Amino acid sequence: MNNSNTTALEATIKKNKIDRQLIGLVIFVAAIMVIMSILSPSFLTASNLTNVLRQSVFIMLLGFGMTFVLTTGGIDLSVGVVMALSGGMTGWLLSFNVNIVPALIAGFAMGTLVGAGNGLMVTKLRITPFIATLATMSIGRGVMYVWTNSIPFRNYMVGGFRFLGQGNVLGLQFPIIVAIIAFIVLQFVFRKTRFGRHVTAFGSNNESAKISGINTDRLQIKVYALSGFMAALSGIILASRLETVHPEMGKGYELDAIAAAIIGGTSLTGGKGSLIGTALGAFIIYLISNAINLLNVDPDWETIVKGILILVVVGVEFLSHSANKRKL
């Protein structure tokens with residue numbers, strides 16, 4: 001079998017695997033809803049499910065950027081602290097009566113520049129993504145403590161900024177609308193643009209991507225900058241929602257974003273990603289949390305269930321990958 005046929009077969013297999021995984025996730029969500037509707041009458045209500053969706057928005061936005069990073073074969077452990085830095089920058093400027101537009105621009109610039117810095121460390125300094133973004137996470141968290149003097153930012157809420165995290169449009173909470181718009185735009189970019197195709201090609205085989213003429217360094221910098229931008233978006237909306245920015249804001253969110261992407265079918269080894277799956281993964285994480293809360297179960301079980309779910313998904317992917325390699 002020649003290389004072109006092999007590549008086409010691999011692409012078809014990956015697409016079929018994602019489709020099957022999405023179907024499995026939908027069935028899993030449906031099963032949770034059926035079981036919980038029996039165990040808790042308040043679970044299957046519009047207000048409760050809307051609340052779950054609103055809570056999952058922040059991880060969803062992070063997960064969309066993380067999906068691009070993971071598809072290249074990288075990882076971004078800094079998105080949680082970038083949320084804090086970006087939300088903090090916007091809130092800090094607003095507390096000095098800076099106009100909301102430049103305050104928002106500064107917040108987005110903060111996240112995008114930190115993300116691009118991660119990309120530069122990975123491409124120019126040849127630091128592995130795990131170490132580069134781990135260092136950024138550590139430095140950024142330290143900056144937050146020094147910057148805030150361990151005292152949260154408050155007194156920055158203005159009408160327009162409050163709307164970002166707490167507003168409603170036609171009965172739908174604005175953060176949910178932002179997540180829907182972000183999904184539509186990024187899904188188009190991921191599936192229909194040259195940039196999206198290059199992301200998948202690089203993750204599948206970076207040497208082949210280089211040979212084909214793709215500027216792989218620039219591509220990775222853009223991907224990490226995108227991840228930083230999405231973290232900034234999530235952090236700014238969260239700062240509006242919470243009405244405060246504390247030094248540990250976003251802590252642990254990076255792990256939930258990675259979990260959402262993996263549960264949704266994005267491969268840790270690169271070359272395969274699904275934004276639809278990531279959205280479902282984020283929703284599932286908070287659906288489980290909501291179910292545990294309604295059943296008055298010890299919240300520590302949430303972490304255990306999440307870990308088991310990740311192990312099952314990764315295990316199934318490994319077994320499926322091994323079987324497909326034998327087919328090739």
# chains A, B, ... in the order shown; residues from 1 in each chain; ligands from 1

$ residues_around --residues "A:Tyr253" --least-positions-apart "3" --cutoff "12 Å" --atoms "only C-alpha atoms" --output "ChimeraX atom specification"
/A:56-63,66,76-84,137,231,234-235,238,248-250,256-260,282,285

$ select_by_dssp --residues "stretch 38-225 of chain A" --states "strand (DSSP E)" --output "PyMOL selection string"
chain A and resi 168-169+172-173

$ write_last_selection --atoms "N, CA, C and O atoms" --output "mmCIF file, in the first residue's frame"
data_model
loop_
_atom_site.group_PDB
_atom_site.id
_atom_site.type_symbol
_atom_site.label_atom_id
_atom_site.label_comp_id
_atom_site.auth_asym_id
_atom_site.auth_seq_id
_atom_site.Cartn_x
_atom_site.Cartn_y
_atom_site.Cartn_z
ATOM 1 N N ASN A 168 -28.187 38.608 30.221
ATOM 2 C CA ASN A 168 -29.052 37.661 29.519
ATOM 3 C C ASN A 168 -29.497 38.253 28.188
ATOM 4 O O ASN A 168 -29.731 39.456 28.086
ATOM 5 N N VAL A 169 -29.601 37.407 27.177
ATOM 6 C CA VAL A 169 -30.121 37.815 25.876
ATOM 7 C C VAL A 169 -31.203 36.820 25.492
ATOM 8 O O VAL A 169 -30.934 35.626 25.320
ATOM 9 N N LEU A 172 -31.302 33.724 27.525
ATOM 10 C CA LEU A 172 -30.112 32.875 27.539
ATOM 11 C C LEU A 172 -28.948 33.662 28.128
ATOM 12 O O LEU A 172 -28.690 34.804 27.725
ATOM 13 N N GLN A 173 -28.269 33.070 29.099
ATOM 14 C CA GLN A 173 -27.181 33.774 29.760
ATOM 15 C C GLN A 173 -26.056 34.068 28.778
ATOM 16 O O GLN A 173 -25.690 33.219 27.948
#

$ select_by_dssp --residues "stretch 72-157 of chain A" --states "helix (DSSP H, G or I)" --output "VMD selection string"
chain A and resid 79 to 95 100 to 123 129 to 148

$ residues_around --residues "A:Leu242" --least-positions-apart "6" --cutoff "12 Å" --atoms "only C-alpha atoms" --output "JSON, numbers by chain"
{"A": [55, 84, 87, 88, 91, 152, 153, 154, 155, 156, 157, 161, 162, 163, 164, 165, 166, 235, 236, 249, 250]}

$ write_last_selection --atoms "C-alpha atoms" --output "PDB file, in the first residue's frame"
ATOM      1  CA  GLN A  55     -20.826  26.351  34.921  1.00  0.00           C
ATOM      2  CA  ALA A  84      -6.274  34.917  36.414  1.00  0.00           C
ATOM      3  CA  GLY A  87      -9.174  38.712  34.260  1.00  0.00           C
ATOM      4  CA  GLY A  88      -6.944  40.459  36.794  1.00  0.00           C
ATOM      5  CA  GLY A  91     -10.408  44.186  36.561  1.00  0.00           C
ATOM      6  CA  PRO A 152      -8.349  39.953  45.751  1.00  0.00           C
ATOM      7  CA  PHE A 153      -9.176  42.697  43.257  1.00  0.00           C
ATOM      8  CA  ARG A 154     -12.631  44.139  43.860  1.00  0.00           C
ATOM      9  CA  ASN A 155     -14.548  47.338  43.142  1.00  0.00           C
ATOM     10  CA  TYR A 156     -14.109  47.067  39.383  1.00  0.00           C
ATOM     11  CA  MET A 157     -17.636  46.210  38.340  1.00  0.00           C
ATOM     12  CA  PHE A 161     -18.533  44.595  32.293  1.00  0.00           C
ATOM     13  CA  ARG A 162     -21.143  43.035  34.575  1.00  0.00           C
ATOM     14  CA  PHE A 163     -23.174  42.083  31.504  1.00  0.00           C
ATOM     15  CA  LEU A 164     -20.339  39.848  30.184  1.00  0.00           C
ATOM     16  CA  GLY A 165     -20.686  37.381  33.033  1.00  0.00           C
ATOM     17  CA  GLN A 166     -24.200  38.021  34.286  1.00  0.00           C
ATOM     18  CA  GLY A 235     -10.888  34.605  32.620  1.00  0.00           C
ATOM     19  CA  ILE A 236     -12.485  37.934  31.747  1.00  0.00           C
ATOM     20  CA  MET A 249      -8.383  32.196  40.351  1.00  0.00           C
ATOM     21  CA  GLY A 250      -8.383  29.487  37.668  1.00  0.00           C
TER      22      GLY A 250
END

$ closest_residue --among "A:Thr67, A:Arg54, A:Trp147, A:Pro41" --to "A:Gly265" --atoms "only C-alpha atoms"
A:Thr67

$ closest_residue --among "A:Ser204, A:Val122, A:Ile180, A:Leu294" --to "A:Arg218" --atoms "only C-alpha atoms"
A:Val122

$ closest_atom_pairs --of "stretch 204-315 of chain A" --to "stretch 185-191 of chain A" --cutoff "9 Å" --atoms "only C-alpha atoms" --output "Markdown table"
| residue | atom | partner | partner_atom | distance |
| --- | --- | --- | --- | --- |
| A:Gly273 | CA | A:Phe190 | CA | 8.9 |
| A:Ser274 | CA | A:Gln187 | CA | 8.6 |
| A:Leu275 | CA | A:Gln187 | CA | 6.4 |
| A:Ile276 | CA | A:Gln187 | CA | 8.1 |

$ residues_around --residues "A:Gly115" --least-positions-apart "5" --cutoff "7 Å" --atoms "only C-alpha atoms" --output "count of residues only"
4

$ residues_around --residues "A:Gly74" --least-positions-apart "3" --cutoff "9 Å" --atoms "only C-alpha atoms" --output "ChimeraX atom specification"
/A:68-71,128-130,203,220,268-270

$ closest_residue --among "A:Thr112, A:Thr136, A:Asn118, A:Thr72" --to "A:Arg197" --atoms "only C-alpha atoms"
A:Thr72

$ atom_distance --atom1 "atom CA of A:Asn206" --atom2 "atom CA of A:Val314"
22.3 Å

$ closest_residue --among "A:Asn51, A:Thr133, A:Thr278, A:Ser42" --to "A:Thr266" --atoms "only C-alpha atoms"
A:Thr278

$ atom_distance --atom1 "atom CA of A:Val297" --atom2 "atom CA of A:Ile38"
16.2 Å

$ closest_residue --among "A:Arg141, A:Leu113, A:Ser47, A:Gly196" --to "A:Gly252" --atoms "only C-alpha atoms"
A:Arg141

$ residues_around --residues "A:Ile284" --least-positions-apart "2" --cutoff "12 Å" --atoms "only C-alpha atoms" --output "PDB file with N, CA, C and O atoms, in the first residue's frame"
ATOM      1  N   LEU A  25     -20.447   9.372  23.774  1.00  0.00           N
ATOM      2  CA  LEU A  25     -20.618  10.447  24.759  1.00  0.00           C
ATOM      3  C   LEU A  25     -22.083  10.870  24.867  1.00  0.00           C
ATOM      4  O   LEU A  25     -22.592  11.101  25.970  1.00  0.00           O
ATOM      5  N   VAL A  26     -22.751  10.964  23.717  1.00  0.00           N
ATOM      6  CA  VAL A  26     -24.171  11.333  23.721  1.00  0.00           C
ATOM      7  C   VAL A  26     -24.989  10.283  24.474  1.00  0.00           C
ATOM      8  O   VAL A  26     -25.870  10.624  25.275  1.00  0.00           O
ATOM      9  N   ILE A  27     -24.687   9.027  24.221  1.00  0.00           N
ATOM     10  CA  ILE A  27     -25.388   7.936  24.926  1.00  0.00           C
ATOM     11  C   ILE A  27     -25.111   8.016  26.427  1.00  0.00           C
ATOM     12  O   ILE A  27     -26.007   7.817  27.263  1.00  0.00           O
ATOM     13  N   PHE A  28     -23.862   8.318  26.784  1.00  0.00           N
ATOM     14  CA  PHE A  28     -23.472   8.427  28.189  1.00  0.00           C
ATOM     15  C   PHE A  28     -24.240   9.556  28.881  1.00  0.00           C
ATOM     16  O   PHE A  28     -24.751   9.399  29.993  1.00  0.00           O
ATOM     17  N   VAL A  29     -24.329  10.717  28.209  1.00  0.00           N
ATOM     18  CA  VAL A  29     -25.077  11.854  28.753  1.00  0.00           C
ATOM     19  C   VAL A  29     -26.548  11.489  28.916  1.00  0.00           C
ATOM     20  O   VAL A  29     -27.164  11.792  29.952  1.00  0.00           O
ATOM     21  N   ALA A  30     -27.108  10.834  27.903  1.00  0.00           N
ATOM     22  CA  ALA A  30     -28.517  10.433  27.967  1.00  0.00           C
ATOM     23  C   ALA A  30     -28.760   9.471  29.132  1.00  0.00           C
ATOM     24  O   ALA A  30     -29.774   9.579  29.838  1.00  0.00           O
ATOM     25  N   ALA A  31     -27.814   8.538  29.343  1.00  0.00           N
ATOM     26  CA  ALA A  31     -27.953   7.576  30.435  1.00  0.00           C
ATOM     27  C   ALA A  31     -27.931   8.279  31.792  1.00  0.00           C
ATOM     28  O   ALA A  31     -28.729   7.952  32.685  1.00  0.00           O
ATOM     29  N   ILE A  32     -27.017   9.243  31.959  1.00  0.00           N
ATOM     30  CA  ILE A  32     -26.953  10.006  33.215  1.00  0.00           C
ATOM     31  C   ILE A  32     -28.272  10.734  33.455  1.00  0.00           C
ATOM     32  O   ILE A  32     -28.815  10.731  34.571  1.00  0.00           O
ATOM     33  N   MET A  33     -28.801  11.341  32.391  1.00  0.00           N
ATOM     34  CA  MET A  33     -30.039  12.106  32.536  1.00  0.00           C
ATOM     35  C   MET A  33     -31.220  11.213  32.913  1.00  0.00           C
ATOM     36  O   MET A  33     -32.046  11.579  33.750  1.00  0.00           O
ATOM     37  N   LEU A  49     -30.333  22.276  34.286  1.00  0.00           N
ATOM     38  CA  LEU A  49     -29.469  21.970  33.140  1.00  0.00           C
ATOM     39  C   LEU A  49     -28.814  23.237  32.589  1.00  0.00           C
ATOM     40  O   LEU A  49     -27.669  23.218  32.145  1.00  0.00           O
ATOM     41  N   VAL A  52     -25.922  23.930  34.836  1.00  0.00           N
ATOM     42  CA  VAL A  52     -24.788  23.050  34.514  1.00  0.00           C
ATOM     43  C   VAL A  52     -24.047  23.571  33.287  1.00  0.00           C
ATOM     44  O   VAL A  52     -22.811  23.629  33.262  1.00  0.00           O
ATOM     45  N   LEU A  53     -24.807  23.973  32.276  1.00  0.00           N
ATOM     46  CA  LEU A  53     -24.206  24.490  31.055  1.00  0.00           C
ATOM     47  C   LEU A  53     -23.431  25.772  31.336  1.00  0.00           C
ATOM     48  O   LEU A  53     -22.314  25.957  30.839  1.00  0.00           O
ATOM     49  N   GLN A  55     -22.033  26.683  34.168  1.00  0.00           N
ATOM     50  CA  GLN A  55     -20.826  26.351  34.921  1.00  0.00           C
ATOM     51  C   GLN A  55     -19.748  25.753  34.024  1.00  0.00           C
ATOM     52  O   GLN A  55     -18.550  25.959  34.243  1.00  0.00           O
ATOM     53  N   SER A  56     -20.169  25.012  33.005  1.00  0.00           N
ATOM     54  CA  SER A  56     -19.205  24.342  32.131  1.00  0.00           C
ATOM     55  C   SER A  56     -18.594  25.273  31.087  1.00  0.00           C
ATOM     56  O   SER A  56     -17.604  24.916  30.441  1.00  0.00           O
ATOM     57  N   VAL A  57     -19.177  26.468  30.910  1.00  0.00           N
ATOM     58  CA  VAL A  57     -18.721  27.398  29.867  1.00  0.00           C
ATOM     59  C   VAL A  57     -17.240  27.727  30.001  1.00  0.00           C
ATOM     60  O   VAL A  57     -16.501  27.753  29.013  1.00  0.00           O
ATOM     61  N   ILE A  59     -14.693  26.087  31.408  1.00  0.00           N
ATOM     62  CA  ILE A  59     -13.831  24.972  31.010  1.00  0.00           C
ATOM     63  C   ILE A  59     -13.970  24.710  29.513  1.00  0.00           C
ATOM     64  O   ILE A  59     -13.004  24.351  28.832  1.00  0.00           O
ATOM     65  N   MET A  60     -15.157  24.917  28.989  1.00  0.00           N
ATOM     66  CA  MET A  60     -15.408  24.726  27.565  1.00  0.00           C
ATOM     67  C   MET A  60     -14.521  25.656  26.736  1.00  0.00           C
ATOM     68  O   MET A  60     -13.880  25.234  25.765  1.00  0.00           O
ATOM     69  N   ASP A 256      -8.966  20.366  34.199  1.00  0.00           N
ATOM     70  CA  ASP A 256     -10.327  20.106  33.721  1.00  0.00           C
ATOM     71  C   ASP A 256     -10.438  20.345  32.217  1.00  0.00           C
ATOM     72  O   ASP A 256     -11.171  19.626  31.515  1.00  0.00           O
ATOM     73  N   ALA A 257      -9.709  21.355  31.712  1.00  0.00           N
ATOM     74  CA  ALA A 257      -9.730  21.628  30.268  1.00  0.00           C
ATOM     75  C   ALA A 257      -9.106  20.470  29.495  1.00  0.00           C
ATOM     76  O   ALA A 257      -9.622  20.046  28.452  1.00  0.00           O
ATOM     77  N   ALA A 259      -8.908  17.388  30.616  1.00  0.00           N
ATOM     78  CA  ALA A 259      -9.830  16.261  30.785  1.00  0.00           C
ATOM     79  C   ALA A 259     -10.995  16.356  29.814  1.00  0.00           C
ATOM     80  O   ALA A 259     -11.391  15.355  29.193  1.00  0.00           O
ATOM     81  N   ALA A 260     -11.558  17.559  29.658  1.00  0.00           N
ATOM     82  CA  ALA A 260     -12.694  17.744  28.742  1.00  0.00           C
ATOM     83  C   ALA A 260     -12.306  17.381  27.318  1.00  0.00           C
ATOM     84  O   ALA A 260     -13.068  16.719  26.597  1.00  0.00           O
ATOM     85  N   ALA A 261     -11.114  17.813  26.896  1.00  0.00           N
ATOM     86  CA  ALA A 261     -10.657  17.517  25.535  1.00  0.00           C
ATOM     87  C   ALA A 261     -10.418  16.023  25.339  1.00  0.00           C
ATOM     88  O   ALA A 261     -10.805  15.448  24.314  1.00  0.00           O
ATOM     89  N   ILE A 262      -9.791  15.388  26.317  1.00  0.00           N
ATOM     90  CA  ILE A 262      -9.494  13.950  26.208  1.00  0.00           C
ATOM     91  C   ILE A 262     -10.784  13.137  26.205  1.00  0.00           C
ATOM     92  O   ILE A 262     -10.962  12.229  25.391  1.00  0.00           O
ATOM     93  N   ILE A 263     -11.688  13.459  27.133  1.00  0.00           N
ATOM     94  CA  ILE A 263     -12.977  12.762  27.180  1.00  0.00           C
ATOM     95  C   ILE A 263     -13.716  12.922  25.853  1.00  0.00           C
ATOM     96  O   ILE A 263     -14.388  12.003  25.375  1.00  0.00           O
ATOM     97  N   GLY A 264     -13.553  14.093  25.233  1.00  0.00           N
ATOM     98  CA  GLY A 264     -14.231  14.373  23.972  1.00  0.00           C
ATOM     99  C   GLY A 264     -13.588  13.759  22.746  1.00  0.00           C
ATOM    100  O   GLY A 264     -14.112  13.913  21.635  1.00  0.00           O
ATOM    101  N   GLY A 277     -16.606  17.245  20.703  1.00  0.00           N
ATOM    102  CA  GLY A 277     -16.305  16.338  21.808  1.00  0.00           C
ATOM    103  C   GLY A 277     -15.849  17.082  23.045  1.00  0.00           C
ATOM    104  O   GLY A 277     -16.229  16.741  24.172  1.00  0.00           O
ATOM    105  N   THR A 278     -15.032  18.121  22.861  1.00  0.00           N
ATOM    106  CA  THR A 278     -14.561  18.920  23.997  1.00  0.00           C
ATOM    107  C   THR A 278     -15.722  19.598  24.706  1.00  0.00           C
ATOM    108  O   THR A 278     -15.785  19.633  25.943  1.00  0.00           O
ATOM    109  N   ALA A 279     -16.661  20.155  23.929  1.00  0.00           N
ATOM    110  CA  ALA A 279     -17.843  20.783  24.520  1.00  0.00           C
ATOM    111  C   ALA A 279     -18.643  19.759  25.332  1.00  0.00           C
ATOM    112  O   ALA A 279     -19.071  20.039  26.462  1.00  0.00           O
ATOM    113  N   LEU A 280     -18.823  18.567  24.762  1.00  0.00           N
ATOM    114  CA  LEU A 280     -19.532  17.508  25.478  1.00  0.00           C
ATOM    115  C   LEU A 280     -18.758  17.072  26.711  1.00  0.00           C
ATOM    116  O   LEU A 280     -19.333  16.818  27.771  1.00  0.00           O
ATOM    117  N   GLY A 281     -17.429  16.988  26.583  1.00  0.00           N
ATOM    118  CA  GLY A 281     -16.598  16.595  27.710  1.00  0.00           C
ATOM    119  C   GLY A 281     -16.718  17.556  28.870  1.00  0.00           C
ATOM    120  O   GLY A 281     -16.849  17.143  30.031  1.00  0.00           O
ATOM    121  N   ALA A 282     -16.697  18.862  28.583  1.00  0.00           N
ATOM    122  CA  ALA A 282     -16.845  19.867  29.638  1.00  0.00           C
ATOM    123  C   ALA A 282     -18.221  19.767  30.284  1.00  0.00           C
ATOM    124  O   ALA A 282     -18.359  19.869  31.518  1.00  0.00           O
ATOM    125  N   TYR A 286     -19.264  18.675  34.459  1.00  0.00           N
ATOM    126  CA  TYR A 286     -20.125  19.420  35.380  1.00  0.00           C
ATOM    127  C   TYR A 286     -21.467  18.727  35.593  1.00  0.00           C
ATOM    128  O   TYR A 286     -22.119  18.950  36.621  1.00  0.00           O
ATOM    129  N   LEU A 287     -21.868  17.897  34.643  1.00  0.00           N
ATOM    130  CA  LEU A 287     -23.089  17.107  34.828  1.00  0.00           C
ATOM    131  C   LEU A 287     -22.872  16.098  35.955  1.00  0.00           C
ATOM    132  O   LEU A 287     -23.745  15.908  36.812  1.00  0.00           O
ATOM    133  N   ILE A 288     -21.692  15.473  35.963  1.00  0.00           N
ATOM    134  CA  ILE A 288     -21.350  14.529  37.028  1.00  0.00           C
ATOM    135  C   ILE A 288     -21.277  15.243  38.378  1.00  0.00           C
ATOM    136  O   ILE A 288     -21.784  14.750  39.391  1.00  0.00           O
ATOM    137  N   SER A 289     -20.643  16.430  38.374  1.00  0.00           N
ATOM    138  CA  SER A 289     -20.540  17.215  39.601  1.00  0.00           C
ATOM    139  C   SER A 289     -21.921  17.581  40.125  1.00  0.00           C
ATOM    140  O   SER A 289     -22.192  17.490  41.337  1.00  0.00           O
ATOM    141  N   ASN A 290     -22.811  17.974  39.225  1.00  0.00           N
ATOM    142  CA  ASN A 290     -24.172  18.341  39.614  1.00  0.00           C
ATOM    143  C   ASN A 290     -24.933  17.144  40.172  1.00  0.00           C
ATOM    144  O   ASN A 290     -25.644  17.255  41.178  1.00  0.00           O
ATOM    145  N   ALA A 291     -24.758  15.991  39.522  1.00  0.00           N
ATOM    146  CA  ALA A 291     -25.445  14.781  39.977  1.00  0.00           C
ATOM    147  C   ALA A 291     -24.975  14.386  41.369  1.00  0.00           C
ATOM    148  O   ALA A 291     -25.788  14.039  42.244  1.00  0.00           O
ATOM    149  N   GLU A 302     -16.295  13.131  42.987  1.00  0.00           N
ATOM    150  CA  GLU A 302     -16.280  13.772  41.675  1.00  0.00           C
ATOM    151  C   GLU A 302     -14.917  13.592  41.002  1.00  0.00           C
ATOM    152  O   GLU A 302     -14.822  13.251  39.821  1.00  0.00           O
ATOM    153  N   VAL A 305     -14.464   9.850  40.008  1.00  0.00           N
ATOM    154  CA  VAL A 305     -15.243   9.507  38.808  1.00  0.00           C
ATOM    155  C   VAL A 305     -14.591  10.100  37.561  1.00  0.00           C
ATOM    156  O   VAL A 305     -14.494   9.452  36.512  1.00  0.00           O
ATOM    157  N   LYS A 306     -14.128  11.350  37.667  1.00  0.00           N
ATOM    158  CA  LYS A 306     -13.475  12.011  36.539  1.00  0.00           C
ATOM    159  C   LYS A 306     -12.218  11.247  36.116  1.00  0.00           C
ATOM    160  O   LYS A 306     -11.977  11.030  34.933  1.00  0.00           O
ATOM    161  N   LEU A 309     -13.162   8.025  34.382  1.00  0.00           N
ATOM    162  CA  LEU A 309     -13.661   8.309  33.036  1.00  0.00           C
ATOM    163  C   LEU A 309     -12.512   8.558  32.060  1.00  0.00           C
ATOM    164  O   LEU A 309     -12.519   8.053  30.930  1.00  0.00           O
ATOM    165  N   ILE A 310     -11.511   9.313  32.500  1.00  0.00           N
ATOM    166  CA  ILE A 310     -10.346   9.577  31.649  1.00  0.00           C
ATOM    167  C   ILE A 310      -9.600   8.288  31.347  1.00  0.00           C
ATOM    168  O   ILE A 310      -9.194   8.030  30.203  1.00  0.00           O
TER     169      ILE A 310
END

$ residues_around --residues "A:Ile151" --least-positions-apart "2" --cutoff "8 Å" --atoms "only C-alpha atoms" --output "mmCIF file with N, CA and C atoms, in the first residue's frame"
data_model
loop_
_atom_site.group_PDB
_atom_site.id
_atom_site.type_symbol
_atom_site.label_atom_id
_atom_site.label_comp_id
_atom_site.auth_asym_id
_atom_site.auth_seq_id
_atom_site.Cartn_x
_atom_site.Cartn_y
_atom_site.Cartn_z
ATOM 1 N N THR A 148 -1.335 41.085 43.567
ATOM 2 C CA THR A 148 -2.501 41.345 44.411
ATOM 3 C C THR A 148 -2.129 41.517 45.883
ATOM 4 N N ASN A 149 -0.861 41.199 46.208
ATOM 5 C CA ASN A 149 -0.438 41.197 47.614
ATOM 6 C C ASN A 149 -1.346 40.266 48.429
ATOM 7 N N PHE A 153 -8.704 41.466 43.890
ATOM 8 C CA PHE A 153 -9.176 42.697 43.257
ATOM 9 C C PHE A 153 -10.694 42.766 43.380
ATOM 10 N N HIS A 246 -9.111 36.781 42.624
ATOM 11 C CA HIS A 246 -8.203 36.413 43.703
ATOM 12 C C HIS A 246 -6.968 35.728 43.125
ATOM 13 N N PRO A 247 -5.866 35.647 43.862
ATOM 14 C CA PRO A 247 -4.613 35.124 43.306
ATOM 15 C C PRO A 247 -4.663 33.666 42.854
#

$ closest_residue --among "A:Ser267, A:Val146, A:Thr200, A:Ile23" --to "A:Leu85" --atoms "only C-alpha atoms"
A:Val146
